[in-house]
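Engineer: First the structure, which I've put down as structure tokens, then a few questions once you've had a look.
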Amino acid sequence: MRNFWSLAVLGFAIAWVNNYLIPDFWALQSQPAVAVVDRQTEARGPDVAAESIGDSENREPKNKQSVSSFLRLFQDLNNIPEIPYSQLLEVLARRPDSENTARETAILPEDIARFEKIVQYAKQENLPDRPIGQIIQAIGDKFLGKPYVEGLLDKSGEEKLIVTLNKFDCVLFVETVLAISRGVAVKDYDYQNFVNRIEEQRYLNGKMNGYCSRLHYFSEWIKDNQKRQTVENITAQLGGVPMNKTLNFMSQHRSSYPQMVKDEATYQCIVSQEAELAKTTVNYIPTNRIKSIYSQLKPGDIVAVATDVKGLDVTHTGFVYRNADGNLGLIHASPAGAVTVAYDLQRYISRVESAIGIVVARAKTPNPIRS
């Protein structure tokens, strides 16, 4: 039995050499000296980085250290204890390309400080004592003037959990404000829990699992979040009428989505999700009837701009905003350049190209956190 495990370790060692030692060795031979400066050193400034480069010749080369470790592995080969089969399977399951790899999160460190400032504001203003819609409007106000940046979620080839508090597209603004507000409502001021809420709101069944798991169609976003009691679609209650269209814009414009162009499986996954959407009726309030429902809308209601673009449900999102004089407008990350407030909701929608009305969802008060 011991010989079997010795052979197994030998196999792992050979694989390790092929995958890590040899590539690292050749990379070291072909890269200039600056390549050996690690990210932590770089972050400390150019002077420190230059000093580190200067004394790099006096340090033991990385490949020499690796060879020493490799030889020690064989010296200890006959002394390894027996490993239970279940434990071996667990080790194999930790391969870098396995589905058990931790999610990759793209967070700006300075956003943590921004989050803490918002938390302090929420406490000072006693926001947890207000209805969830009013919390949303108050938190949204803190982002007025922040720049609009298109396509923030698609900057990377691999799907990452993008979190930002300093720039937004329209959906990212809605997700961010909603996630913070839901935490404030239950006095949960933990940053990681805020990040978790972003993931829950953005992805199918609340879990990030590649590009296809993102809720690309906003009708799908509302439906999936309603399933988890995050929001409620109230469009039908407000007198909405069926949109009567097939949602297939993404599959019909495959060339516009790099993730689908290069990956047939991703494309087929999107096609499958569109087929599921076909089973759901999407209602909307026609533009000329929006003002008639002002009395039924509340600050913080999520508004999506319904469109007549073939294959697409909505083109823009934001929140209902109660102005100082009581009139209802829209706070949103505007493609015109920044987070701003449009004074009158119906008038704004009437000026949006291809708009036919609105879809409305209302945030639900989250359950208190159990101690």
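Each chain in the structure tokens gets a letter, A, B, ..., in the order shown, and its residues are numbered from 1; ligands are numbered from 1 in order too.
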So which residues touch A:Leu153 within 9 Å, counting only C-alpha atoms, skipping near sequence neighbours fewer than 5 positions away, as an MDAnalysis selection string?

Structural biologist: chainID A and resid 159:162 169 172

Engineer: Would you mind exporting the chosen residues as a PDB file, in the first residue's frame, restricted to N, CA and C atoms?

Structural biologist:
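Below is the file part_14.pdb, written as the result:
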```
ATOM      1  N   GLU A 159     -16.086  36.176 -16.053  1.00  0.00           N
ATOM      2  CA  GLU A 159     -17.104  36.788 -15.205  1.00  0.00           C
ATOM      3  C   GLU A 159     -16.546  37.039 -13.811  1.00  0.00           C
ATOM      4  N   LYS A 160     -16.654  38.281 -13.347  1.00  0.00           N
ATOM      5  CA  LYS A 160     -16.223  38.656 -12.013  1.00  0.00           C
ATOM      6  C   LYS A 160     -17.367  39.360 -11.296  1.00  0.00           C
ATOM      7  N   LEU A 161     -17.348  39.282  -9.982  1.00  0.00           N
ATOM      8  CA  LEU A 161     -18.359  39.979  -9.199  1.00  0.00           C
ATOM      9  C   LEU A 161     -17.905  41.430  -9.037  1.00  0.00           C
ATOM     10  N   ILE A 162     -18.357  42.268  -9.946  1.00  0.00           N
ATOM     11  CA  ILE A 162     -17.960  43.681  -9.959  1.00  0.00           C
ATOM     12  C   ILE A 162     -18.729  44.443  -8.888  1.00  0.00           C
ATOM     13  N   ASP A 169     -23.269  51.984 -14.272  1.00  0.00           N
ATOM     14  CA  ASP A 169     -24.225  52.031 -15.362  1.00  0.00           C
ATOM     15  C   ASP A 169     -25.592  51.969 -14.686  1.00  0.00           C
ATOM     16  N   LEU A 172     -26.238  48.708 -12.519  1.00  0.00           N
ATOM     17  CA  LEU A 172     -25.302  48.657 -11.399  1.00  0.00           C
ATOM     18  C   LEU A 172     -25.709  49.650 -10.317  1.00  0.00           C
TER      19      LEU A 172
END
```

Engineer: As JSON, numbers by chain, please: the residues near A:Phe168 (cut-off 10 Å, only C-alpha atoms, same-chain neighbours under 2 positions excluded).

Structural biologist: {"A": [143, 146, 147, 148, 149, 150, 151, 152, 153, 163, 164, 165, 166, 170, 171, 172, 173, 174, 175, 176, 332, 333, 334, 335, 337, 338, 339]}

Engineer: Store the residues of this selection in a file with C-alpha atoms, as a PDB file, in the first residue's frame.

Structural biologist:
```pdb
ATOM      1  CA  PHE A 143     -24.442  59.001  -5.216  1.00  0.00           C
ATOM      2  CA  LYS A 146     -21.179  59.999  -9.658  1.00  0.00           C
ATOM      3  CA  PRO A 147     -20.161  59.290 -13.272  1.00  0.00           C
ATOM      4  CA  TYR A 148     -22.016  57.013 -15.648  1.00  0.00           C
ATOM      5  CA  VAL A 149     -19.748  54.397 -17.243  1.00  0.00           C
ATOM      6  CA  GLU A 150     -21.119  51.947 -19.778  1.00  0.00           C
ATOM      7  CA  GLY A 151     -20.366  48.218 -19.758  1.00  0.00           C
ATOM      8  CA  LEU A 152     -18.680  47.998 -16.351  1.00  0.00           C
ATOM      9  CA  LEU A 153     -19.644  44.347 -15.913  1.00  0.00           C
ATOM     10  CA  VAL A 163     -18.600  45.995  -7.001  1.00  0.00           C
ATOM     11  CA  THR A 164     -18.134  49.748  -7.252  1.00  0.00           C
ATOM     12  CA  LEU A 165     -19.376  52.762  -5.317  1.00  0.00           C
ATOM     13  CA  ASN A 166     -17.819  55.450  -7.476  1.00  0.00           C
ATOM     14  CA  CYS A 170     -27.988  52.105 -14.826  1.00  0.00           C
ATOM     15  CA  VAL A 171     -28.418  48.525 -13.574  1.00  0.00           C
ATOM     16  CA  LEU A 172     -25.302  48.657 -11.399  1.00  0.00           C
ATOM     17  CA  PHE A 173     -26.698  51.794  -9.742  1.00  0.00           C
ATOM     18  CA  VAL A 174     -29.995  50.055  -8.958  1.00  0.00           C
ATOM     19  CA  GLU A 175     -28.260  46.939  -7.636  1.00  0.00           C
ATOM     20  CA  THR A 176     -25.831  48.910  -5.463  1.00  0.00           C
ATOM     21  CA  HIS A 332     -30.860  57.087 -12.208  1.00  0.00           C
ATOM     22  CA  ALA A 333     -27.375  56.694 -13.614  1.00  0.00           C
ATOM     23  CA  SER A 334     -28.032  58.670 -16.757  1.00  0.00           C
ATOM     24  CA  PRO A 335     -26.268  57.877 -20.054  1.00  0.00           C
ATOM     25  CA  GLY A 337     -23.101  61.401 -17.890  1.00  0.00           C
ATOM     26  CA  ALA A 338     -23.882  60.991 -14.178  1.00  0.00           C
ATOM     27  CA  VAL A 339     -26.305  59.954 -11.459  1.00  0.00           C
TER      28      VAL A 339
END
```

Engineer: Using only C-alpha atoms, find each residue in stretch 144-222 of chain A having at least one atom no more than 10 Å away from stretch 230-250 of chain A; report its shortest atom-to-atom pair and that distance in Å (one decimal), rows by chain then rising number, as a Markdown table.

Structural biologist:
```
| residue | atom | partner | partner_atom | distance |
| --- | --- | --- | --- | --- |
| A:Leu178 | CA | A:Thr230 | CA | 9.3 |
| A:Ala179 | CA | A:Thr230 | CA | 9.7 |
| A:Arg182 | CA | A:Thr230 | CA | 8.8 |
| A:Arg197 | CA | A:Thr230 | CA | 9.9 |
| A:Glu200 | CA | A:Thr230 | CA | 9.3 |
| A:Gln201 | CA | A:Thr230 | CA | 7.9 |
| A:His216 | CA | A:Met250 | CA | 8.9 |
| A:Tyr217 | CA | A:Leu247 | CA | 8.3 |
| A:Ser219 | CA | A:Asn233 | CA | 9.4 |
| A:Trp221 | CA | A:Val231 | CA | 9.9 |
| A:Ile222 | CA | A:Asn233 | CA | 6.8 |
```

Engineer: Show which residues sit within 6 Å of A:Gly318, as a ChimeraX atom specification. Count only C-alpha atoms, and ignore same-chain residues fewer than 5 positions away.

Structural biologist: /A:302-303,331-332

Engineer: As an exercise, work out the distance from atom CA of A:Lys123 to atom CA of A:Ile136 in Å and give it to one decimal place.

Structural biologist: 14.2 Å

Engineer: What gap, in Å, lies between atom CA of A:Lys142 and atom CA of A:Asp301?

Structural biologist: 17.2 Å

Engineer: With only C-alpha atoms as the counted atoms, please give the residues lying no more than 12 Å from A:Gly210, apart from itself and same-chain residues fewer than 6 positions off, as a PyMOL selection string.

Structural biologist: chain A and resi 99+101+103-104+154+156-161+199+202-204+259-260+263+265-266+269-270

Engineer: Next, dump the selected residues to file, keeping only C-alpha atoms, as a PDB file, in the first residue's frame.

Structural biologist:
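Resulting contents of result38.pdb:
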```pdb
ATOM      1  CA  GLU A  99     -16.099  24.326 -10.018  1.00  0.00           C
ATOM      2  CA  THR A 101     -12.742  27.529  -7.151  1.00  0.00           C
ATOM      3  CA  ARG A 103     -15.614  33.306  -6.921  1.00  0.00           C
ATOM      4  CA  GLU A 104     -13.482  36.101  -8.298  1.00  0.00           C
ATOM      5  CA  ASP A 154     -18.076  43.327 -19.226  1.00  0.00           C
ATOM      6  CA  SER A 156     -13.073  41.389 -18.146  1.00  0.00           C
ATOM      7  CA  GLY A 157     -13.121  38.269 -20.293  1.00  0.00           C
ATOM      8  CA  GLU A 158     -13.998  36.129 -17.269  1.00  0.00           C
ATOM      9  CA  GLU A 159     -17.104  36.788 -15.205  1.00  0.00           C
ATOM     10  CA  LYS A 160     -16.223  38.656 -12.013  1.00  0.00           C
ATOM     11  CA  LEU A 161     -18.359  39.979  -9.199  1.00  0.00           C
ATOM     12  CA  GLU A 199     -24.253  38.664  -5.932  1.00  0.00           C
ATOM     13  CA  ARG A 202     -27.323  39.970  -9.985  1.00  0.00           C
ATOM     14  CA  TYR A 203     -27.198  36.243 -10.663  1.00  0.00           C
ATOM     15  CA  LEU A 204     -29.614  33.429 -11.351  1.00  0.00           C
ATOM     16  CA  GLN A 259     -18.607  36.010 -24.442  1.00  0.00           C
ATOM     17  CA  MET A 260     -21.078  34.322 -26.788  1.00  0.00           C
ATOM     18  CA  ASP A 263     -18.081  30.157 -26.541  1.00  0.00           C
ATOM     19  CA  ALA A 265     -21.844  26.652 -24.677  1.00  0.00           C
ATOM     20  CA  THR A 266     -22.467  30.172 -23.363  1.00  0.00           C
ATOM     21  CA  CYS A 269     -27.132  28.709 -22.384  1.00  0.00           C
ATOM     22  CA  ILE A 270     -28.470  32.176 -23.245  1.00  0.00           C
TER      23      ILE A 270
END
```

Engineer: Could you state the separation of atom CA of A:Leu328 and atom CA of A:Thr281 in Å, given to one decimal place?

Structural biologist: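 It comes out at 27.1 Å.
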
Engineer: If we count only C-alpha atoms and set the cut-off at 7 Å, which residues sit around A:Ser354, ignoring sequence neighbours fewer than 6 positions away in its own chain? Please answer as a list of chain:residue names.

Structural biologist: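 Listed by chain and then number, they are A:Thr307, A:Asp308, A:Val309.
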
Engineer: Suppose we keep C-alpha atoms; can you now write the selection as an mmCIF file, in the first residue's frame?

Structural biologist:
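New file part05.cif:
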```
data_model
loop_
_atom_site.group_PDB
_atom_site.id
_atom_site.type_symbol
_atom_site.label_atom_id
_atom_site.label_comp_id
_atom_site.auth_asym_id
_atom_site.auth_seq_id
_atom_site.Cartn_x
_atom_site.Cartn_y
_atom_site.Cartn_z
ATOM 1 C CA THR A 307 -38.963 49.455 -25.229
ATOM 2 C CA ASP A 308 -40.289 48.640 -28.685
ATOM 3 C CA VAL A 309 -36.853 47.385 -29.793
#
```

Engineer: Have a look at A:Val195, A:Ile349, A:Val320, A:Leu277 and name the one nearest to A:Ala138; count only C-alpha atoms.

Structural biologist: A:Val320

Engineer: Name the residues of stretch 307-362 of chain A that fall into strand (DSSP E or B) according to DSSP on the backbone, using the chain letters and numbers of this document, as an MDAnalysis selection string.

Structural biologist: chainID A and resid 307 314:322 328:333 338:342 355:362

Engineer: May I have the residues from that selection written out with C-alpha atoms, as a tab-separated table (two decimals), in the first residue's frame?

Structural biologist:
```
chain	number	residue	atom	x	y	z
A	307	THR	CA	-38.96	49.46	-25.23
A	314	VAL	CA	-36.21	47.28	-21.27
A	315	THR	CA	-33.40	49.71	-22.05
A	316	HIS	CA	-32.89	51.65	-18.81
A	317	THR	CA	-33.56	51.52	-15.06
A	318	GLY	CA	-33.75	53.77	-12.02
A	319	PHE	CA	-35.83	54.53	-8.92
A	320	VAL	CA	-38.98	56.59	-8.37
A	321	TYR	CA	-37.88	59.82	-6.68
A	322	ARG	CA	-40.11	62.13	-4.63
A	328	LEU	CA	-42.48	62.14	-8.77
A	329	GLY	CA	-39.32	61.93	-10.85
A	330	LEU	CA	-36.58	59.37	-11.54
A	331	ILE	CA	-33.16	59.06	-9.91
A	332	HIS	CA	-30.86	57.09	-12.21
A	333	ALA	CA	-27.38	56.69	-13.61
A	338	ALA	CA	-23.88	60.99	-14.18
A	339	VAL	CA	-26.30	59.95	-11.46
A	340	THR	CA	-29.03	62.56	-11.56
A	341	VAL	CA	-32.72	63.20	-10.93
A	342	ALA	CA	-35.20	63.69	-13.79
A	355	ALA	CA	-39.66	53.84	-24.97
A	356	ILE	CA	-43.24	52.59	-24.72
A	357	GLY	CA	-43.74	52.79	-20.95
A	358	ILE	CA	-42.43	51.38	-17.67
A	359	VAL	CA	-42.17	48.17	-15.67
A	360	VAL	CA	-42.36	48.68	-11.88
A	361	ALA	CA	-41.01	46.53	-9.04
A	362	ARG	CA	-41.15	47.37	-5.34
```

Engineer: Would you list, as a VMD selection string, the residues of stretch 133-271 of chain A that end up in helix (DSSP H, G or I) under DSSP run on this structure's backbone?

Structural biologist: chain A and resid 133 to 141 152 to 154 170 to 185 191 to 202 204 to 206 211 to 213 218 to 227 249 to 252 254 to 256 258 to 261 264 to 271
